[in-house]
file protein11.pdb (PDB, C-alpha atoms)
MODEL        1
ATOM      1  CA  MET A   1     -15.406  36.727-147.773  1.00  0.00           C
ATOM      2  CA  PRO A   2     -16.994  39.386-149.989  1.00  0.00           C
ATOM      3  CA  GLN A   3     -15.909  39.724-153.591  1.00  0.00           C
ATOM      4  CA  LEU A   4     -14.860  43.364-153.945  1.00  0.00           C
ATOM      5  CA  ASP A   5     -13.297  44.965-156.980  1.00  0.00           C
ATOM      6  CA  GLU A   6     -10.387  47.398-156.911  1.00  0.00           C
ATOM      7  CA  PHE A   7     -12.708  50.444-156.915  1.00  0.00           C
ATOM      8  CA  GLU A   8     -14.508  49.204-153.793  1.00  0.00           C
ATOM      9  CA  ILE A   9     -11.259  48.315-152.016  1.00  0.00           C
ATOM     10  CA  LYS A  10      -9.870  51.799-152.776  1.00  0.00           C
ATOM     11  CA  MET A  11     -13.145  53.311-151.572  1.00  0.00           C
ATOM     12  CA  LEU A  12     -12.937  51.443-148.247  1.00  0.00           C
ATOM     13  CA  ASP A  13      -9.304  52.419-147.786  1.00  0.00           C
ATOM     14  CA  ILE A  14     -10.076  56.108-148.348  1.00  0.00           C
ATOM     15  CA  LEU A  15     -13.188  56.061-146.154  1.00  0.00           C
ATOM     16  CA  GLN A  16     -11.194  54.608-143.246  1.00  0.00           C
ATOM     17  CA  ARG A  17      -8.910  57.631-143.414  1.00  0.00           C
ATOM     18  CA  ASP A  18     -11.608  60.218-144.137  1.00  0.00           C
ATOM     19  CA  GLY A  19     -15.172  59.097-143.540  1.00  0.00           C
ATOM     20  CA  ARG A  20     -16.493  62.600-144.191  1.00  0.00           C
ATOM     21  CA  MET A  21     -15.245  62.789-147.772  1.00  0.00           C
ATOM     22  CA  PRO A  22     -18.118  63.734-150.105  1.00  0.00           C
ATOM     23  CA  VAL A  23     -19.095  61.078-152.644  1.00  0.00           C
ATOM     24  CA  SER A  24     -18.111  63.407-155.488  1.00  0.00           C
ATOM     25  CA  GLU A  25     -14.535  63.662-154.150  1.00  0.00           C
ATOM     26  CA  LEU A  26     -14.456  59.945-153.357  1.00  0.00           C
ATOM     27  CA  ALA A  27     -15.502  59.179-156.939  1.00  0.00           C
ATOM     28  CA  GLN A  28     -12.708  61.372-158.279  1.00  0.00           C
ATOM     29  CA  GLU A  29     -10.135  59.705-155.968  1.00  0.00           C
ATOM     30  CA  ILE A  30     -11.017  56.182-157.094  1.00  0.00           C
ATOM     31  CA  GLY A  31     -11.551  57.021-160.771  1.00  0.00           C
ATOM     32  CA  LEU A  32     -15.318  56.677-161.142  1.00  0.00           C
ATOM     33  CA  SER A  33     -18.113  59.110-161.867  1.00  0.00           C
ATOM     34  CA  THR A  34     -20.316  60.165-158.955  1.00  0.00           C
ATOM     35  CA  THR A  35     -23.398  58.025-159.648  1.00  0.00           C
ATOM     36  CA  PRO A  36     -21.647  54.613-159.872  1.00  0.00           C
ATOM     37  CA  CYS A  37     -19.523  55.548-156.868  1.00  0.00           C
ATOM     38  CA  ALA A  38     -22.636  56.413-154.855  1.00  0.00           C
ATOM     39  CA  ARG A  39     -24.269  53.112-155.895  1.00  0.00           C
ATOM     40  CA  ARG A  40     -21.210  51.129-154.783  1.00  0.00           C
ATOM     41  CA  PHE A  41     -21.065  53.057-151.513  1.00  0.00           C
ATOM     42  CA  GLU A  42     -24.741  52.297-150.814  1.00  0.00           C
ATOM     43  CA  ALA A  43     -24.162  48.632-151.658  1.00  0.00           C
ATOM     44  CA  LEU A  44     -21.242  48.471-149.206  1.00  0.00           C
ATOM     45  CA  GLN A  45     -23.483  49.951-146.512  1.00  0.00           C
ATOM     46  CA  GLY A  46     -26.331  47.590-147.383  1.00  0.00           C
ATOM     47  CA  ALA A  47     -23.985  44.591-147.160  1.00  0.00           C
ATOM     48  CA  GLY A  48     -22.905  45.679-143.682  1.00  0.00           C
ATOM     49  CA  ILE A  49     -19.299  46.255-144.753  1.00  0.00           C
ATOM     50  CA  VAL A  50     -19.540  49.978-143.976  1.00  0.00           C
ATOM     51  CA  LYS A  51     -21.171  49.964-140.551  1.00  0.00           C
ATOM     52  CA  GLY A  52     -21.317  53.693-139.950  1.00  0.00           C
ATOM     53  CA  PHE A  53     -19.261  56.776-139.212  1.00  0.00           C
ATOM     54  CA  ALA A  54     -18.138  58.266-135.913  1.00  0.00           C
ATOM     55  CA  ALA A  55     -16.017  61.128-134.633  1.00  0.00           C
ATOM     56  CA  MET A  56     -12.661  60.099-133.169  1.00  0.00           C
ATOM     57  CA  LEU A  57     -12.281  61.779-129.794  1.00  0.00           C
ATOM     58  CA  SER A  58      -9.067  62.494-127.898  1.00  0.00           C
ATOM     59  CA  ARG A  59      -9.303  60.787-124.518  1.00  0.00           C
ATOM     60  CA  ARG A  60      -6.528  62.992-123.107  1.00  0.00           C
ATOM     61  CA  ALA A  61      -8.209  66.211-124.250  1.00  0.00           C
ATOM     62  CA  LEU A  62     -11.313  64.965-122.437  1.00  0.00           C
ATOM     63  CA  GLY A  63      -9.388  64.347-119.209  1.00  0.00           C
ATOM     64  CA  LEU A  64      -9.094  60.554-119.462  1.00  0.00           C
ATOM     65  CA  MET A  65      -5.411  60.316-118.596  1.00  0.00           C
ATOM     66  CA  VAL A  66      -5.281  56.604-117.693  1.00  0.00           C
ATOM     67  CA  GLU A  67      -5.820  53.908-120.303  1.00  0.00           C
ATOM     68  CA  VAL A  68      -5.629  50.228-119.338  1.00  0.00           C
ATOM     69  CA  PHE A  69      -6.319  46.756-120.587  1.00  0.00           C
ATOM     70  CA  ILE A  70      -7.849  44.501-117.967  1.00  0.00           C
ATOM     71  CA  GLN A  71      -7.980  40.732-118.271  1.00  0.00           C
ATOM     72  CA  VAL A  72     -10.801  39.123-116.272  1.00  0.00           C
ATOM     73  CA  ARG A  73     -11.168  35.489-115.244  1.00  0.00           C
ATOM     74  CA  LEU A  74     -14.486  34.144-114.034  1.00  0.00           C
ATOM     75  CA  VAL A  75     -15.009  31.482-111.381  1.00  0.00           C
ATOM     76  CA  SER A  76     -17.352  29.431-113.562  1.00  0.00           C
ATOM     77  CA  HIS A  77     -18.919  29.397-116.991  1.00  0.00           C
ATOM     78  CA  SER A  78     -21.893  27.244-116.080  1.00  0.00           C
ATOM     79  CA  ASP A  79     -23.724  29.388-113.540  1.00  0.00           C
ATOM     80  CA  GLY A  80     -24.767  32.357-115.658  1.00  0.00           C
ATOM     81  CA  SER A  81     -21.658  34.328-114.703  1.00  0.00           C
ATOM     82  CA  PRO A  82     -20.598  35.078-118.280  1.00  0.00           C
ATOM     83  CA  GLU A  83     -23.998  36.515-119.192  1.00  0.00           C
ATOM     84  CA  SER A  84     -24.182  38.484-115.950  1.00  0.00           C
ATOM     85  CA  PHE A  85     -20.655  39.829-116.459  1.00  0.00           C
ATOM     86  CA  ILE A  86     -21.369  40.847-120.064  1.00  0.00           C
ATOM     87  CA  ALA A  87     -24.552  42.662-119.047  1.00  0.00           C
ATOM     88  CA  ALA A  88     -22.691  44.543-116.291  1.00  0.00           C
ATOM     89  CA  VAL A  89     -19.804  45.532-118.568  1.00  0.00           C
ATOM     90  CA  GLN A  90     -22.190  46.861-121.206  1.00  0.00           C
ATOM     91  CA  ARG A  91     -23.484  49.340-118.602  1.00  0.00           C
ATOM     92  CA  MET A  92     -19.988  50.556-117.579  1.00  0.00           C
ATOM     93  CA  ASP A  93     -19.110  53.781-119.381  1.00  0.00           C
ATOM     94  CA  GLU A  94     -15.403  53.401-118.527  1.00  0.00           C
ATOM     95  CA  VAL A  95     -15.210  50.241-120.649  1.00  0.00           C
ATOM     96  CA  SER A  96     -14.781  51.255-124.276  1.00  0.00           C
ATOM     97  CA  SER A  97     -14.356  47.706-125.615  1.00  0.00           C
ATOM     98  CA  CYS A  98     -14.753  44.169-124.340  1.00  0.00           C
ATOM     99  CA  TRP A  99     -13.747  40.894-125.951  1.00  0.00           C
ATOM    100  CA  THR A 100     -14.138  37.244-124.962  1.00  0.00           C
ATOM    101  CA  MET A 101     -10.784  35.492-125.117  1.00  0.00           C
ATOM    102  CA  THR A 102      -9.151  32.104-125.234  1.00  0.00           C
ATOM    103  CA  GLY A 103      -6.333  31.305-122.816  1.00  0.00           C
ATOM    104  CA  ASP A 104      -5.937  32.017-119.117  1.00  0.00           C
ATOM    105  CA  HIS A 105      -8.506  34.821-118.963  1.00  0.00           C
ATOM    106  CA  ASP A 106     -12.080  34.963-120.180  1.00  0.00           C
ATOM    107  CA  PHE A 107     -12.456  38.645-121.087  1.00  0.00           C
ATOM    108  CA  LEU A 108     -10.256  41.544-122.151  1.00  0.00           C
ATOM    109  CA  LEU A 109     -11.510  45.047-121.343  1.00  0.00           C
ATOM    110  CA  HIS A 110     -10.222  48.344-122.709  1.00  0.00           C
ATOM    111  CA  VAL A 111     -10.819  50.956-120.003  1.00  0.00           C
ATOM    112  CA  MET A 112     -10.228  54.730-119.794  1.00  0.00           C
ATOM    113  CA  VAL A 113     -10.473  56.759-116.578  1.00  0.00           C
ATOM    114  CA  PRO A 114      -9.285  60.208-115.418  1.00  0.00           C
ATOM    115  CA  SER A 115      -6.736  59.065-112.805  1.00  0.00           C
ATOM    116  CA  VAL A 116      -5.068  56.142-111.070  1.00  0.00           C
ATOM    117  CA  ASP A 117      -7.385  56.737-108.107  1.00  0.00           C
ATOM    118  CA  ASP A 118     -10.345  56.351-110.464  1.00  0.00           C
ATOM    119  CA  LEU A 119      -8.789  53.155-111.840  1.00  0.00           C
ATOM    120  CA  ASN A 120      -8.417  51.799-108.306  1.00  0.00           C
ATOM    121  CA  GLY A 121     -12.053  52.593-107.569  1.00  0.00           C
ATOM    122  CA  PHE A 122     -13.203  51.006-110.808  1.00  0.00           C
ATOM    123  CA  VAL A 123     -11.235  47.788-110.303  1.00  0.00           C
ATOM    124  CA  MET A 124     -11.628  47.335-106.539  1.00  0.00           C
ATOM    125  CA  HIS A 125     -15.143  48.638-105.969  1.00  0.00           C
ATOM    126  CA  ARG A 126     -16.925  47.802-109.194  1.00  0.00           C
ATOM    127  CA  LEU A 127     -15.187  45.200-111.333  1.00  0.00           C
ATOM    128  CA  MET A 128     -13.939  42.878-108.580  1.00  0.00           C
ATOM    129  CA  ARG A 129     -17.346  42.994-106.886  1.00  0.00           C
ATOM    130  CA  LEU A 130     -19.229  41.658-109.869  1.00  0.00           C
ATOM    131  CA  PRO A 131     -20.662  38.203-109.204  1.00  0.00           C
ATOM    132  CA  GLY A 132     -18.508  35.436-110.650  1.00  0.00           C
ATOM    133  CA  VAL A 133     -15.290  37.455-111.081  1.00  0.00           C
ATOM    134  CA  ARG A 134     -12.360  35.354-109.897  1.00  0.00           C
ATOM    135  CA  ASP A 135      -9.446  37.662-110.628  1.00  0.00           C
ATOM    136  CA  VAL A 136      -8.291  40.550-112.799  1.00  0.00           C
ATOM    137  CA  HIS A 137      -4.969  41.440-114.349  1.00  0.00           C
ATOM    138  CA  THR A 138      -4.461  45.110-115.224  1.00  0.00           C
ATOM    139  CA  GLN A 139      -1.978  46.430-117.764  1.00  0.00           C
ATOM    140  CA  LEU A 140      -1.411  50.189-117.916  1.00  0.00           C
ATOM    141  CA  VAL A 141      -0.921  51.665-121.381  1.00  0.00           C
ATOM    142  CA  LEU A 142       2.234  53.787-121.436  1.00  0.00           C
ATOM    143  CA  GLN A 143       1.942  54.971-125.033  1.00  0.00           C
ATOM    144  CA  ASN A 144      -0.419  54.217-127.892  1.00  0.00           C
ATOM    145  CA  ILE A 145       1.830  53.534-130.878  1.00  0.00           C
ATOM    146  CA  LYS A 146      -0.887  52.655-133.391  1.00  0.00           C
ATOM    147  CA  GLY A 147      -4.644  52.525-133.178  1.00  0.00           C
ATOM    148  CA  PRO A 148      -7.443  52.356-132.877  1.00  0.00           C
ATOM    149  CA  GLY A 149      -6.625  51.176-136.303  1.00  0.00           C
ATOM    150  CA  HIS A 150      -7.975  50.526-139.688  1.00  0.00           C
ATOM    151  CA  VAL A 151      -9.288  47.214-140.944  1.00  0.00           C
ATOM    152  CA  PRO A 152      -6.626  45.559-143.139  1.00  0.00           C
ATOM    153  CA  LEU A 153      -7.677  45.259-146.787  1.00  0.00           C
ATOM    154  CA  THR A 154      -4.654  43.692-148.530  1.00  0.00           C
ATOM    155  CA  HIS A 155      -6.135  40.170-148.293  1.00  0.00           C
ATOM    156  CA  LEU A 156      -8.971  41.346-150.578  1.00  0.00           C
ATOM    157  CA  ARG A 157      -6.510  41.996-153.411  1.00  0.00           C
ATOM    158  CA  ARG A 158      -5.315  38.382-153.620  1.00  0.00           C
TER     159      ARG A 158
ENDMDL
END
call {"tool": "encode", "arguments": {"input": "protein11.pdb", "output": "structure tokens"}}
result
Amino acid sequence: MPQLDEFEIKMLDILQRDGRMPVSELAQEIGLSTTPCARRFEALQGAGIVKGFAAMLSRRALGLMVEVFIQVRLVSHSDGSPESFIAAVQRMDEVSSCWTMTGDHDFLLHVMVPSVDDLNGFVMHRLMRLPGVRDVHTQLVLQNIKGPGHVPLTHLRR
């Protein structure tokens, strides 16, 4: 775990809320002058703690009205299926995130599509037809209460 001081923790907290804040304003918010703030910011980037910045898009405004989590179980883990599945998922634009999991299923996918018909096509004609896929379990998101979220920082203050 990195050793961060209170200035750096405050900086990370602010940047998660407003990644476009100029360094001069960021310095003022955390109580440093611009040059040391910029040095700390560059060090956080160099250490890989700040990975980059991206625009947050509204899926609904872009016509992606259906959001689902899909759990996938493979037939086997010893025949190259996991690698083949991962490679296929990385090429699927509908899949915004994919995790390997412990438990009854091997993978958890976060998927966004325009309609239920598109979801049916994605699951039945693409996902289920991938080599090695044994079964899928789909959970429709009714409402996003929180997220995609911030990275918790309170453990760094202990």
call {"tool": "residues_around", "arguments": {"input": "protein11.pdb", "residues": "segment 36-50 of chain A", "least_positions_apart": "2", "cutoff": "6 Å", "atoms": "all atoms listed in the file", "output": "PyMOL selection string"}}
result
chain A and resi 27+34+52
call {"tool": "closest_atom_pairs", "arguments": {"input": "protein11.pdb", "of": "segment 21-100 of chain A", "to": "segment 116-130 of chain A", "cutoff": "8 Å", "atoms": "only C-alpha atoms", "output": "CSV"}}
result
residue,atom,partner,partner_atom,distance
A:Val66,CA,A:Val116,CA,6.6
A:Phe85,CA,A:Leu130,CA,7.0
A:Ala88,CA,A:Leu130,CA,7.8
call {"tool": "resolve_selection", "arguments": {"input": "protein11.pdb", "expression": "the PyMOL selection byres ((chain A and resi 109) around 12)", "output": "PyMOL selection string"}}
result
chain A and resi 67-73+85-86+89-90+92-101+105-108+110-112+123+127+136-140
call {"tool": "closest_residue", "arguments": {"input": "protein11.pdb", "among": "A:Glu8, A:Gly31, A:Asp13, A:Met1", "to": "His150 of chain A", "atoms": "all atoms listed in the file"}}
result
A:Asp13
call {"tool": "atom_distance", "arguments": {"input": "protein11.pdb", "atom1": "atom CA of Pro114 of chain A", "atom2": "atom CA of Gly63 of chain A"}}
result
5.6 Å
call {"tool": "axis_aligned_box", "arguments": {"input": "protein11.pdb", "around": "segment 69-73 of chain A", "padding_each_side": "4 Å", "output": "lines of an AutoDock Vina configuration file"}}
result
center_x = -8.7
center_y = 41.1
center_z = -117.9
size_x = 12.8
size_y = 19.3
size_z = 13.3
call {"tool": "closest_residue", "arguments": {"input": "protein11.pdb", "among": "A:Gln28, A:Gln16, A:Thr102, A:Ser81", "to": "Ala55 of chain A", "atoms": "only C-alpha atoms"}}
result
A:Gln16
call {"tool": "decode", "arguments": {"input": "protein11.pdb", "residues": "segment 47-77 of chain A", "atoms": "N, CA and C atoms", "output": "mmCIF file, in the first residue's frame"}}
result
data_model
loop_
_atom_site.group_PDB
_atom_site.id
_atom_site.type_symbol
_atom_site.label_atom_id
_atom_site.label_comp_id
_atom_site.auth_asym_id
_atom_site.auth_seq_id
_atom_site.Cartn_x
_atom_site.Cartn_y
_atom_site.Cartn_z
ATOM 1 N N ALA A 47 3.479 6.929 -10.409
ATOM 2 C CA ALA A 47 3.340 5.726 -9.586
ATOM 3 C C ALA A 47 2.173 4.844 -10.047
ATOM 4 N N GLY A 48 1.405 5.327 -11.016
ATOM 5 C CA GLY A 48 0.277 4.549 -11.504
ATOM 6 C C GLY A 48 -0.968 4.655 -10.630
ATOM 7 N N ILE A 49 -0.957 5.556 -9.665
ATOM 8 C CA ILE A 49 -2.130 5.742 -8.807
ATOM 9 C C ILE A 49 -3.207 6.504 -9.570
ATOM 10 N N VAL A 50 -2.818 7.565 -10.267
ATOM 11 C CA VAL A 50 -3.728 8.257 -11.181
ATOM 12 C C VAL A 50 -3.468 7.659 -12.553
ATOM 13 N N LYS A 51 -4.460 6.902 -13.039
ATOM 14 C CA LYS A 51 -4.284 6.161 -14.293
ATOM 15 C C LYS A 51 -4.655 6.969 -15.526
ATOM 16 N N GLY A 52 -5.456 7.992 -15.362
ATOM 17 C CA GLY A 52 -5.865 8.790 -16.502
ATOM 18 C C GLY A 52 -7.183 9.484 -16.204
ATOM 19 N N PHE A 53 -7.717 10.135 -17.223
ATOM 20 C CA PHE A 53 -8.964 10.873 -17.075
ATOM 21 C C PHE A 53 -9.867 10.533 -18.247
ATOM 22 N N ALA A 54 -11.165 10.466 -17.994
ATOM 23 C CA ALA A 54 -12.114 10.127 -19.045
ATOM 24 C C ALA A 54 -13.427 10.870 -18.817
ATOM 25 N N ALA A 55 -14.143 11.106 -19.896
ATOM 26 C CA ALA A 55 -15.468 11.712 -19.799
ATOM 27 C C ALA A 55 -16.458 10.648 -19.336
ATOM 28 N N MET A 56 -17.367 11.018 -18.465
ATOM 29 C CA MET A 56 -18.429 10.097 -18.041
ATOM 30 C C MET A 56 -19.629 10.340 -18.940
ATOM 31 N N LEU A 57 -20.030 9.315 -19.664
ATOM 32 C CA LEU A 57 -21.121 9.440 -20.626
ATOM 33 C C LEU A 57 -22.414 8.893 -20.036
ATOM 34 N N SER A 58 -23.533 9.455 -20.451
ATOM 35 C CA SER A 58 -24.844 8.963 -20.039
ATOM 36 C C SER A 58 -25.298 7.896 -21.015
ATOM 37 N N ARG A 59 -25.390 6.664 -20.545
ATOM 38 C CA ARG A 59 -25.818 5.571 -21.432
ATOM 39 C C ARG A 59 -27.230 5.821 -21.955
ATOM 40 N N ARG A 60 -28.111 6.323 -21.110
ATOM 41 C CA ARG A 60 -29.499 6.567 -21.534
ATOM 42 C C ARG A 60 -29.567 7.648 -22.610
ATOM 43 N N ALA A 61 -28.803 8.717 -22.442
ATOM 44 C CA ALA A 61 -28.798 9.788 -23.438
ATOM 45 C C ALA A 61 -28.264 9.288 -24.773
ATOM 46 N N LEU A 62 -27.474 8.217 -24.730
ATOM 47 C CA LEU A 62 -26.920 7.629 -25.945
ATOM 48 C C LEU A 62 -27.764 6.472 -26.478
ATOM 49 N N GLY A 63 -28.940 6.265 -25.873
ATOM 50 C CA GLY A 63 -29.868 5.255 -26.367
ATOM 51 C C GLY A 63 -29.635 3.848 -25.849
ATOM 52 N N LEU A 64 -28.794 3.693 -24.839
ATOM 53 C CA LEU A 64 -28.562 2.372 -24.243
ATOM 54 C C LEU A 64 -29.488 2.220 -23.041
ATOM 55 N N MET A 65 -30.702 1.765 -23.300
ATOM 56 C CA MET A 65 -31.747 1.756 -22.284
ATOM 57 C C MET A 65 -31.722 0.519 -21.391
ATOM 58 N N VAL A 66 -30.988 -0.510 -21.776
ATOM 59 C CA VAL A 66 -30.955 -1.757 -21.002
ATOM 60 C C VAL A 66 -29.539 -1.981 -20.488
ATOM 61 N N GLU A 67 -29.449 -2.114 -19.174
ATOM 62 C CA GLU A 67 -28.171 -2.375 -18.506
ATOM 63 C C GLU A 67 -28.324 -3.668 -17.732
ATOM 64 N N VAL A 68 -27.373 -4.586 -17.896
ATOM 65 C CA VAL A 68 -27.469 -5.897 -17.237
ATOM 66 C C VAL A 68 -26.111 -6.338 -16.715
ATOM 67 N N PHE A 69 -26.170 -7.208 -15.735
ATOM 68 C CA PHE A 69 -25.001 -7.953 -15.294
ATOM 69 C C PHE A 69 -25.244 -9.394 -15.710
ATOM 70 N N ILE A 70 -24.251 -9.990 -16.316
ATOM 71 C CA ILE A 70 -24.382 -11.364 -16.802
ATOM 72 C C ILE A 70 -23.271 -12.203 -16.190
ATOM 73 N N GLN A 71 -23.680 -13.255 -15.483
ATOM 74 C CA GLN A 71 -22.731 -14.208 -14.932
ATOM 75 C C GLN A 71 -22.565 -15.340 -15.943
ATOM 76 N N VAL A 72 -21.332 -15.734 -16.206
ATOM 77 C CA VAL A 72 -21.035 -16.763 -17.199
ATOM 78 C C VAL A 72 -20.246 -17.882 -16.530
ATOM 79 N N ARG A 73 -20.675 -19.113 -16.815
ATOM 80 C CA ARG A 73 -19.956 -20.300 -16.349
ATOM 81 C C ARG A 73 -19.426 -21.046 -17.561
ATOM 82 N N LEU A 74 -18.170 -21.431 -17.497
ATOM 83 C CA LEU A 74 -17.560 -22.184 -18.583
ATOM 84 C C LEU A 74 -17.652 -23.683 -18.318
ATOM 85 N N VAL A 75 -17.551 -24.462 -19.376
ATOM 86 C CA VAL A 75 -17.579 -25.915 -19.272
ATOM 87 C C VAL A 75 -16.303 -26.413 -18.599
ATOM 88 N N SER A 76 -15.168 -25.842 -18.978
ATOM 89 C CA SER A 76 -13.878 -26.318 -18.497
ATOM 90 C C SER A 76 -12.909 -25.148 -18.394
ATOM 91 N N HIS A 77 -11.906 -25.346 -17.545
ATOM 92 C CA HIS A 77 -10.857 -24.338 -17.419
ATOM 93 C C HIS A 77 -9.533 -24.852 -17.972
#
